[in-house]
Amino acid sequence: MGDVANSSAATPVLEQEALDHVWIHTTEWIRLAEQDGLHVFDHAHGSTLVDIHGNEYIDGISGLWVVNAGHGRQEIGDAMAEQAGKLAYASSASYTTVPAVQLANKLASILPGDLNRIYFCSGGSEAVESAIKIAKQVQAMRGFPKRYKVIARRGSYHGMTMGALSLTASRNETYFGPFVYGVYHTPSPNHYRNDFGLEGEAGDIMCANYVEQEIINQGPETVAAVIGEPISSANGLHVPSPKYWQRLREICDKHGVLLIMDEVINGFGRTGKMFATEHFDMQPDMITMAKGLSSGYAPIAGVAVSDRVFDVFKDKKEVALGHLLTFGGQAVACAAALKNLEIFEREGLVQQSAEKGDYVYERLEGLRSHPTVGDVRGLGLFCAVELVQNKDTKAKWAKESGFTSKVDERINKKGMLTRTWDVLHVAPPLTTSKEELDRIVQIIDESLTETEAEYADQIGK
Ligand SMILES: Cc1ncc(COP(=O)(O)O)c(C=O)c1O
């Protein structure tokens with residue numbers, strides 16, 4: 001397979017304008033400007049993105065775990081256009097709209113258990129902020145105004161606004177402290193490098209018990225909520241045993257703490273179930289969702305809240321939630337999400353994710369013969385390949401070695417998009433064909449082989 005040729009026939013003006021005016025979120029400007037890192041995409045279909053030069057890239061990570069239904073769905077665009085022509089917006093403070101009601105109703109029917117009340121937002125960070133505020137207000141309204149603390153897991157990712165970042169903030173942030181007061185971090189399930197040196201389920205249960213210990217240390221009367229992704233992508237995609245989440249449920253119930261599962265990445269078929277929570281046979285008090293809710297066709301997110309949690313607002317009729325987001329439940333975004341979920345049902349996308357996930361996982365297992373592949377993990381079309389310098393010691397590649405970014409660059413040159421840090425992610429749209437999955441594995445395989453040849457003298461050190 002040939003590398004993507006940069007046929008600079010198309011307009012370099014647009015690229016210059018991008019470099020001059022677009023703040024691409026977390027990529028160093030110099031990398032974009034001097035290292036061939038800038039891509040300006042023009043259109044897309046299925047699992048393929050096409051840049052302004054006509055170069056095609058297979059989307060190995062669905063944008064950012066977003067485009068679950070695949071690119072180029074004209075019918076979602078049509079539904080949005082129709083809604084925009086009819087009614088785009090009504091105040092989210094006091095009113096709602098037909099598509100918002102229909103979407104909330106649909107979500108209540110597919111969410112686990114009695115998560116029947118939806119608070120709409122625009123993005124994942126907002127959903128997390130909202131869930132934390134709901135938890136604090138509900139605790140106060142139940143008679144526990146001192147319950148303000150939140151326990152998150154080290155290495156997790158919950159977003160970038162200050163509250164969400166404070167939950168994320170276990171990762172040595174340099175510039176943004178001090179963080180929101182009262183957030184504490186505990187170990188996260190990890191079957192490859194468990195914090196307690198324990199194998200499998202025993203390590204998971206120890207992580208859950210550690211949360212209980214943290215609650216006791218803080219004083220249960222001060223803790224509002226525990227939050228975690230069912231399967232944390234940021235933390236390396238370790239799939240915990242169901243006992244982990246069941247144990248956390250028991251612990252939270254015992255201490256009067258609310259349990260929030262952050263399904264911003266996991267939700268909407270990514271793991272082979274509609275919600276990853278379903279793998280664990282338990283129900284949280286709240287689920288945060290975003291990304292796959294509209295497959296990226298519109299910025300929409302939400303917090304699903306259980307009846308038991310919402311009931312306090314029925315009991316104390318004079319009190320409303322002190323939280324308003326202008327664009328929460330915007331009608332055009334709701335129309336996009338509704339059409340997206342209709343496609344999910346019509347095409348059996350959740351089932352496709354489960355089946356294709358099994359297929360690609362088996363193919364990825366074949367990469368273990370590489371001297372730098374330490375582990376392969378996954379569930380549904382949510383897979384990860386962990387890269388190490390030394391398989392025996394599980395030593396990671398130092399960032400300065402440049403190994404993982406070289407792998408990523410090669411993958412990119414061969415016409416595929418993903419993210420490669422310690423973990424290389426494989427999470428294409430749920431519609432990706434088996435031939436495309438084969439191509440994804442082949443590109444990773446070749447990129448590893450070539451980079452390993454370049455770093456031969458450092459491997460195993
Ligand atoms: C688990 C999780 N929660 C929250 C967020 C924040 O979402 P957003 O970037 O839409 O604000 C993300 C983003 O990747 C996420 O992975």
# chains A, B, ... in the order shown; residues from 1 in each chain; ligands from 1
>>> residues_near_ligand(ligand="ligand 1", cutoff="7 Å", atoms="only C-alpha atoms and all ligand atoms", output="number ranges by chain")
A: 64, 123-126, 128, 157-160, 229, 232-233, 262-265, 290-291
>>> closest_atom_pairs(of="region 163-193 of chain A", to="region 211-218 of chain A", cutoff="9 Å", atoms="only C-alpha atoms", output="CSV")
residue,atom,partner,partner_atom,distance
A:Tyr184,CA,A:Glu214,CA,8.1
A:His185,CA,A:Val211,CA,8.7
A:Thr186,CA,A:Val211,CA,6.3
A:Pro187,CA,A:Val211,CA,8.1
>>> residues_around(residues="Gly256 (chain A)", least_positions_apart="5", cutoff="12 Å", atoms="only C-alpha atoms", output="ChimeraX atom specification")
/A:135,138-139,142-144,147,212,215-216,219-226,248-251,285,309
>>> write_last_selection(atoms="C-alpha atoms", output="PDB file, in the first residue's frame")
ATOM      1  CA  ALA A 135     -25.152  15.542  42.663  1.00  0.00           C
ATOM      2  CA  VAL A 138     -29.510  16.689  45.312  1.00  0.00           C
ATOM      3  CA  GLN A 139     -27.357  15.847  48.336  1.00  0.00           C
ATOM      4  CA  ARG A 142     -31.856  15.503  50.768  1.00  0.00           C
ATOM      5  CA  GLY A 143     -30.543  17.176  53.905  1.00  0.00           C
ATOM      6  CA  PHE A 144     -26.780  16.780  53.444  1.00  0.00           C
ATOM      7  CA  ARG A 147     -21.642  16.539  50.980  1.00  0.00           C
ATOM      8  CA  GLU A 212     -14.519   2.968  50.044  1.00  0.00           C
ATOM      9  CA  ILE A 215     -14.857   7.795  51.410  1.00  0.00           C
ATOM     10  CA  ILE A 216     -14.203   6.712  55.000  1.00  0.00           C
ATOM     11  CA  GLY A 219     -15.847  11.271  56.120  1.00  0.00           C
ATOM     12  CA  PRO A 220     -18.867   9.840  54.284  1.00  0.00           C
ATOM     13  CA  GLU A 221     -20.952  12.816  55.449  1.00  0.00           C
ATOM     14  CA  THR A 222     -18.788  15.035  53.173  1.00  0.00           C
ATOM     15  CA  VAL A 223     -18.847  12.975  49.956  1.00  0.00           C
ATOM     16  CA  ALA A 224     -21.399  13.763  47.225  1.00  0.00           C
ATOM     17  CA  ALA A 225     -20.421  11.452  44.357  1.00  0.00           C
ATOM     18  CA  VAL A 226     -18.041   8.991  42.756  1.00  0.00           C
ATOM     19  CA  LEU A 248     -18.724   0.393  43.695  1.00  0.00           C
ATOM     20  CA  ARG A 249     -22.519   0.390  43.572  1.00  0.00           C
ATOM     21  CA  GLU A 250     -22.657  -1.358  46.978  1.00  0.00           C
ATOM     22  CA  ILE A 251     -20.097   1.043  48.453  1.00  0.00           C
ATOM     23  CA  ASP A 285     -27.510   7.147  39.593  1.00  0.00           C
ATOM     24  CA  VAL A 309     -32.488  11.064  42.223  1.00  0.00           C
TER      25      VAL A 309
END
>>> residues_around(residues="Asp358 (chain A)", least_positions_apart="5", cutoff="10 Å", atoms="only C-alpha atoms", output="PyMOL selection string")
chain A and resi 272+352-353+363-364+378-381+383
>>> closest_residue(among="A:His323, A:Lys414, A:Arg73, A:His255", to="Ala336 (chain A)", atoms="only C-alpha atoms")
A:Arg73
>>> closest_residue(among="A:Gly328, A:Leu437, A:Arg117, A:Ala131", to="Arg308 (chain A)", atoms="only C-alpha atoms")
A:Arg117
>>> closest_residue(among="A:Gly228, A:Pro284, A:Gly357, A:Glu15", to="Asp253 (chain A)", atoms="only C-alpha atoms")
A:Pro284
>>> residues_around(residues="Lys396 (chain A)", least_positions_apart="3", cutoff="8 Å", atoms="only C-alpha atoms", output="list of chain:residue names")
A:Leu387, A:Val388, A:Gln389, A:Asn390, A:Asp422
>>> residues_around(residues="Ser130 (chain A)", least_positions_apart="6", cutoff="9 Å", atoms="only C-alpha atoms", output="PDB file with N, CA and C atoms, in the first residue's frame")
ATOM      1  N   TYR A 119     -31.114  15.710  31.279  1.00  0.00           N
ATOM      2  CA  TYR A 119     -30.716  17.127  31.286  1.00  0.00           C
ATOM      3  C   TYR A 119     -29.809  17.328  30.074  1.00  0.00           C
ATOM      4  N   CYS A 121     -27.270  19.083  27.312  1.00  0.00           N
ATOM      5  CA  CYS A 121     -26.143  20.024  27.262  1.00  0.00           C
ATOM      6  C   CYS A 121     -25.573  19.987  25.836  1.00  0.00           C
ATOM      7  N   THR A 288     -23.504  10.222  32.088  1.00  0.00           N
ATOM      8  CA  THR A 288     -23.231  11.354  31.201  1.00  0.00           C
ATOM      9  C   THR A 288     -22.989  10.813  29.795  1.00  0.00           C
ATOM     10  N   GLY A 302     -25.776  15.058  27.238  1.00  0.00           N
ATOM     11  CA  GLY A 302     -26.826  15.008  28.250  1.00  0.00           C
ATOM     12  C   GLY A 302     -26.384  14.275  29.504  1.00  0.00           C
ATOM     13  N   VAL A 303     -27.174  14.466  30.558  1.00  0.00           N
ATOM     14  CA  VAL A 303     -27.025  13.677  31.783  1.00  0.00           C
ATOM     15  C   VAL A 303     -28.343  12.948  31.980  1.00  0.00           C
ATOM     16  N   HIS A 323     -29.035  25.599  37.458  1.00  0.00           N
ATOM     17  CA  HIS A 323     -28.074  25.303  36.385  1.00  0.00           C
ATOM     18  C   HIS A 323     -28.755  25.532  35.041  1.00  0.00           C
TER      19      HIS A 323
END
>>> select_by_dssp(residues="region 178-380 of chain A", states="strand (DSSP E or B)", output="MDAnalysis selection string")
chainID A and resid 183:186 223:228 258:262 286:289 301:306 373:378
>>> write_last_selection(atoms="C-alpha atoms", output="mmCIF file, in the first residue's frame")
data_model
loop_
_atom_site.group_PDB
_atom_site.id
_atom_site.type_symbol
_atom_site.label_atom_id
_atom_site.label_comp_id
_atom_site.auth_asym_id
_atom_site.auth_seq_id
_atom_site.Cartn_x
_atom_site.Cartn_y
_atom_site.Cartn_z
ATOM 1 C CA VAL A 183 -11.880 16.348 44.374
ATOM 2 C CA TYR A 184 -9.916 13.230 45.312
ATOM 3 C CA HIS A 185 -8.404 10.572 43.063
ATOM 4 C CA THR A 186 -8.141 6.835 43.615
ATOM 5 C CA VAL A 223 -18.847 12.975 49.956
ATOM 6 C CA ALA A 224 -21.399 13.763 47.225
ATOM 7 C CA ALA A 225 -20.421 11.452 44.357
ATOM 8 C CA VAL A 226 -18.041 8.991 42.756
ATOM 9 C CA ILE A 227 -17.437 9.328 39.003
ATOM 10 C CA GLY A 228 -15.746 7.026 36.481
ATOM 11 C CA LEU A 258 -24.186 9.067 44.220
ATOM 12 C CA LEU A 259 -22.528 7.029 41.458
ATOM 13 C CA ILE A 260 -21.985 8.702 38.071
ATOM 14 C CA MET A 261 -20.851 6.702 35.042
ATOM 15 C CA ASP A 262 -19.294 8.849 32.339
ATOM 16 C CA MET A 286 -26.479 9.177 36.567
ATOM 17 C CA ILE A 287 -24.968 8.587 33.132
ATOM 18 C CA THR A 288 -23.231 11.354 31.201
ATOM 19 C CA MET A 289 -23.338 11.089 27.400
ATOM 20 C CA ALA A 301 -24.820 15.892 25.182
ATOM 21 C CA GLY A 302 -26.826 15.008 28.250
ATOM 22 C CA VAL A 303 -27.025 13.677 31.783
ATOM 23 C CA ALA A 304 -29.467 10.861 32.399
ATOM 24 C CA VAL A 305 -30.713 10.870 35.992
ATOM 25 C CA SER A 306 -32.570 8.110 37.813
ATOM 26 C CA VAL A 373 3.325 -4.712 21.525
ATOM 27 C CA GLY A 374 2.863 -5.300 25.254
ATOM 28 C CA ASP A 375 -0.884 -5.829 25.353
ATOM 29 C CA VAL A 376 -4.059 -5.806 23.260
ATOM 30 C CA ARG A 377 -7.399 -4.930 24.869
ATOM 31 C CA GLY A 378 -10.904 -4.147 23.775
#
